[in-house]
Every structure is written in C-alpha cells, then in structure tokens.
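Q: Quick one: the structure is below, questions incoming.
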Amino acid sequence: MAKKRKKKQSKFSNFISILFIALLISGIFVFYGEGSLTTVDQVTLSDFEQHVNEEIIKDDKITISGDKISYELEDGRKVFTYKEAGSTLNDFLSAKQRNDLDVNVQPDNNFMGDLLVSVIPVLFIVLFFLFMFRSAQSSNNQAFSFGKSTAKMHDKTKEKTTFDDVAGGEESKEELVEVVDFLKYPAKYSKMGAKIPRGILLVGPPGTGKTLLARAVAGEADVPFFSISGSEFVEMFVGVGASRVRDLFKKAKRNGPCIIFIDEIDAVGRQRGTGMGGGHDEREQTLNQILTEMDGFEKGDNVIVMAATNRPDVLDPALLRPGRFDRRVIVDKPDIADRASILDVHVKNKPLADGVDLKKIARQTPGFTGADLENLLNESAILAARQNKKKITQKHIEMSVEKVALGPEKKSRILSDKEKKITAYHEVGHALVGHMLPQCDPVHKVSIISRGQALGVTWYLPEEDVHLYSKEKFENELCSLLGGYVAEEVFFGQVTTGASSDLQRASNMARQMVTQYGMSDLGPVAFGEKDHEVFIGRDLAHKRNYSEATAAAIDERVQEFIDKAYKQTKKLITDNKAKMKEISEDLLKKENIDREEFLAYFKTKKTKKKANSK
C-alpha cells in the first residue's frame, strides 16, 4: 500500500509540473509569439497622421483591431500604433483622409491573451496551495509511519535458501528441523498437545552462519520471513521502538504461520536495571514490548521468533525463560569435516585446477568460520585473476590462507642484515622448541618475510581439532612462546623488542593457568569474577574476590610457571645450538622453510624428541 501511495503522489507531482510548464510556454507564445515571427515597429499616433497626409501607406489599407491600428508602408516596413480608448478615426482624421483610406475593422483577437493574463495568476495560486497541501500530507504520512516496523519481508519469488545451502553444522540443523516440520504440519503437533518453542536463539561467534540458518528455515518451511536488526528498533524518540515492535508482531500474526528473525538482538535485549539510561530508557521500553509480545501470542498464532547473537551472556534473563527464547541452538566454529563441506559449497562457481585438495586446506584452517572460508576462496580467485590465470590452483589457495591467517606480505619493509639475522634466529628458536616438545602443534612454516606487524612468522598447525588443553600442553606452549626470546639471548647476548608480543601471550597464559584453570598448587579455585555489564567498548569488568596476600601468591605462581618454561627452553636451545645455526643460516638464504624442509633437518620425522621437563 505504501508503494502504491508513493507512486500516486509521484504521478500527481509529475502532472503538476507538466501543467505548469505548459501554461508557461502558452503564455510566452501568446505574448511574444507574433513578435518573434515578424518584425513590427510601433509608431506614434502623430506619425500615423503624417503617413496619411504623405500618402505613403501601401494601398491605403489599414487594419483596426480594438484600439490597435496596423498598416504597411510603401517601403515594406510594417508598423502599428494605438489610438485612445473609445475614440474613432473621426476624432483625428478629416473626412477626405477617411475617404482615401481602405479601413478593415477586425474583432479584438487578444481574447486568449486576456484570458491567460487573468487565469494564469489564479492557476499559479491554486497549484501552489495544492503543492503545499500534498507536501503536508506526505509529511503527515511519514510522521504517522515513523512508528511502523521497518522489517523486510523475504521475497519468495527470489532464489530461496535451504538446508542444502548450509554446509556443516549438522547438529544445529537437526535442532531446526522440528521448527520446519511444525510450520509445515502444525496440526500434527497440536493433536499430540505438543507446543513448538516460540523463540529460538542462535548463539555463536561472528561469521558462523546464524543468519544463513534462519533463512534456510524460512526456505524449507516456505513461509513468510520477516528480518530486522535489533538496532532498527531503537530511535532517539521515546516510544518509537515499542511501537515498531507492536507493528512487527501485528504484521506477523496477519501472515502466520511465519518467522520473525531479529539479528543482533543484544542491541535491545541487554539486562535491565543497570542504572544506565534510567527506568524510562528507550531500549528498555523496546525490550519490555518484545517480552510482552512474545508472551502474549494468542492461541493458534503460528509465529516463531528466531534471534541471533554472539553475546548471550549479556541478555536479560526474562528473555531466555521458557515461553520466550526457550531453545538455544549453538552455532559453533566448524570442525575439519565441516570446513571441507563449507569449502565445497563456496567453490561451486569458481574454476579449480586439477589437483586442488580442499581437505588439505581444511586441515590448514583451524578456527576459521564459514565467513572466513568464503573470504579465503574469494582472495584465491582475486589472486588468480591478478596473475591472469584461468583456474585457481592449490598454491593460490595456500597463499591466501597465509594472507588471511597471518596478514599480507610486506615486501617493502626492508630489514638490515643484523635485524634479518636476529629475526631468523628468533623464529627458528620458536620452531625448534615447538618441534622438540611433544605437546606443541607441528611446525607448518617458518618465514622471515614481514607480515602485518610481525617481522617474521612461525606457523603451527594442529593435526586435529583440539577442545581440551592439559597442564603439560600449556607448559610446552609457554616454552615455544619463549623460544624466540631465549634464542636472541643465547646467540646475541641481548634481547630485542621483537619478543614483546610473545612475552605478553606467555604471561597471560600463565596467569590463566593459575586464576582460571586451577593448575597451580593454590588448588582448584577460580580467582576473580567477570562482571557481564559492559561499560566501555567490548571489555568485561573483573571483580576481585581475593585478598592482597592471595594476589601476591598468584603473582608468585605465575612467575614460577614462566621461570620453569624459561629454564627448559634455554636448555633445549643450548643443547641444539648447532642445529639452530644450520636452520637459521638456511632460512636467511631461503626466507621461507615449509614443514617438509623443516623436518628434513631432524633424523626422526614422525616422532618428537622427549625433552627433559626438569
């Protein structure tokens, strides 16, 4: 209806514009048209009398139209003059002069001009008021529609998304199959007295495909699908958000069965009563209206609300209780099998060269989400096109993996020979320590080509997805993080700023081992509480629930873990100085060493040397 109204208003505006231009052109033509066709000079009435006396009027013919006297001189010049209103030729010509003239009297033909002169101003005034009226009416319509929902309804005629378009996440899809079945066959569930969840909350990290899953549910069920972002409810005017919520649910009930999808619901669904914005805060009013609408569904209204968020910890408890968002579907990062399936989906429209192994790429991309993998293949296609290749090769994809995971190469950053040598020994220190310790991930690549902020990179890749980490693994990871620091100290007698990020990561890991994971002799105690209320940015406030003495004990245990890792790392590098030097010198020449080349430096390629943990 709104689109039709806008079209009518547009047609009316076009009609007014055309009418205005037509009247303007007509007026110009009437008043100035004749003068533009022929050249006619105006003379005085005395000149006219003189022309009569001198008998230079051609054929003695004159034309009288109203008060206008027109005639042509013998030299071909056309002239005209005006007599006084109400006067006749008898008033200024003698009888003889009148008898010598051939007078042609014509009716006044300026009727149209007079009409336009009188009508055009009136028309302008009428058109002006009409235009103002339509503008005011349009503004009123916009004001009245300000509280209307801005949700977009998915067009069924367009290509719809189904579960076949969603690779991986089989468990998540199984959770949603019930929703699809209920929307298709609601009577089957109502006969059994079963109630489908009214609200389904999709929870997962960014880029894992929560919105895609919601579209797939709508596509499979073939029902109307309303989508809106949580931020679209909130406005600077109080009450607008709640009004939009009411309008959205009213539309959904009219189109039921249907699905309402609210993306990033944490924009309006944060916990209430935090003291931020007061009790009449617009966001809280919007949330209250959502709670009321979800709990107030009338019987038989087959409306399902789906929402997505990556911050379920900040949502209001009333939003998560049974009867509202009472089902939570976890959309986690894909594992290696899911990553391979996702890659298969995203390469459908891309020409791949023979020999491309997507399973190998899946092994090289732990922690990548579906969006990351889509971006990875897009970068591969861009790289192949830039090199004027007709197909995407395995090398293109692997180079894109490095670009996405580690950052683009900075070939313009030129290091001095000394800095390059320190960087080489630093990276080999990481790689050698990680290779010698059993719980560290295998070394995938060592490089001294600058990427992002790093001057060099040591890349570890796990052989399989890991979900649990032991104390021994953390201790080995601490050693690998300190490998570059210790290598600089052993071979150059001093350390540089290149190890700053390694030291920060090692310190954070050691502190988490003590305060969160209970891996120290302080016992199975978690120190510190997280405050879920976000005040500034994305950081969570931490509440300290331990004494100063305990804080000192925590610092002491953290230092013990770091010292232990430092000693173990220094022993490993000191015992393998010759191997370190050999690999580092080759790295200076090659700039890159891959996994096969790195393993070739060691006699045993498949087993790791057990390091003395003392």
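Ordering of the structure tokens sets the chain letters (A, B, ...); residue numbers start at 1 within each chain; ligands are numbered from 1 in the order shown.
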Please provide the set of residues having any atom within 6 Å of A:Asp263, restricted to only C-alpha atoms, with same-chain residues fewer than 5 positions apart removed, written as an NGL selection string.

A: :A and (229-230 or 307-308)

Q: Could you save those same residues with N, CA and C atoms as a compact mmCIF listing (two decimals), in the first residue's frame?

A:
```
# COMPACT_ATOMS: atom_id res chain seq x y z
N SER A 229 17.08 -5.98 12.16
CA SER A 229 18.20 -5.92 13.10
C SER A 229 17.72 -5.31 14.41
N GLY A 230 18.32 -5.73 15.51
CA GLY A 230 17.94 -5.20 16.81
C GLY A 230 18.11 -3.70 16.90
N ALA A 307 16.23 -15.43 16.75
CA ALA A 307 17.15 -14.32 17.01
C ALA A 307 18.57 -14.85 17.00
N ALA A 308 19.50 -13.96 16.71
CA ALA A 308 20.91 -14.34 16.65
C ALA A 308 21.72 -13.37 17.51
```

Q: Residues within 10 Å of A:Phe491, please, as an mmCIF file with C-alpha atoms, in the first residue's frame. Count only C-alpha atoms; anything in the same chain fewer than 4 positions from it doesn't count.

A:
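For reference, around39.cif as written:
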```cif
data_model
loop_
_atom_site.group_PDB
_atom_site.id
_atom_site.type_symbol
_atom_site.label_atom_id
_atom_site.label_comp_id
_atom_site.auth_asym_id
_atom_site.auth_seq_id
_atom_site.Cartn_x
_atom_site.Cartn_y
_atom_site.Cartn_z
ATOM 1 C CA ILE A 422 68.140 -11.700 14.660
ATOM 2 C CA TYR A 425 67.300 -16.973 14.902
ATOM 3 C CA HIS A 426 64.220 -15.720 16.771
ATOM 4 C CA VAL A 486 65.830 -17.205 24.607
ATOM 5 C CA ALA A 487 67.343 -17.655 21.120
ATOM 6 C CA VAL A 495 67.116 -9.350 23.672
ATOM 7 C CA ILE A 573 68.300 -24.239 22.625
ATOM 8 C CA THR A 574 71.727 -24.599 24.261
ATOM 9 C CA LYS A 577 72.913 -24.739 19.062
ATOM 10 C CA MET A 580 69.753 -23.869 15.384
ATOM 11 C CA LYS A 581 72.602 -22.287 13.488
#
```

Q: Which polymer residues have any atom within 8 Å of an atom of A:Gly434, counting only C-alpha atoms, with same-chain residues fewer than 5 positions away left out, as a list in words?

A: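 Once the nearby chain positions are removed, what remains is Cys440, Asp441, Pro442, Val443, Asn476, Glu477, Cys479 and Ser480 of chain A.
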
Q: Write the residues you've just listed into a file as a PDB file, in the first residue's frame, and include C-alpha atoms for each of them.

A:
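Wrote selection-v9.pdb, looks like this:
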```
ATOM      1  CA  CYS A 440      53.181 -28.489  20.828  1.00  0.00           C
ATOM      2  CA  ASP A 441      51.447 -28.401  17.456  1.00  0.00           C
ATOM      3  CA  PRO A 442      53.579 -29.367  14.426  1.00  0.00           C
ATOM      4  CA  VAL A 443      55.508 -26.588  12.701  1.00  0.00           C
ATOM      5  CA  ASN A 476      55.007 -26.755  26.378  1.00  0.00           C
ATOM      6  CA  GLU A 477      53.260 -23.785  24.736  1.00  0.00           C
ATOM      7  CA  CYS A 479      58.325 -22.875  26.188  1.00  0.00           C
ATOM      8  CA  SER A 480      57.582 -22.383  22.475  1.00  0.00           C
TER       9      SER A 480
END
```

Q: With a distance cut-off of 12 Å and only C-alpha atoms, select the neighbouring residues of A:Gly323, excluding the residue or stretch itself and same-chain residues fewer than 2 positions from it, and output the selection as a ChimeraX atom specification.

A: /A:195-200,291-297,304-305,318-321,325-327

Q: From the list A:Ser65, A:Ser70, A:Asn592, A:Asn508, which residue is nearest A:Val43 when using only C-alpha atoms?

A: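 Going through A:Ser65, A:Ser70, A:Asn592, A:Asn508 one by one, the smallest distance to A:Val43 is for A:Ser70.
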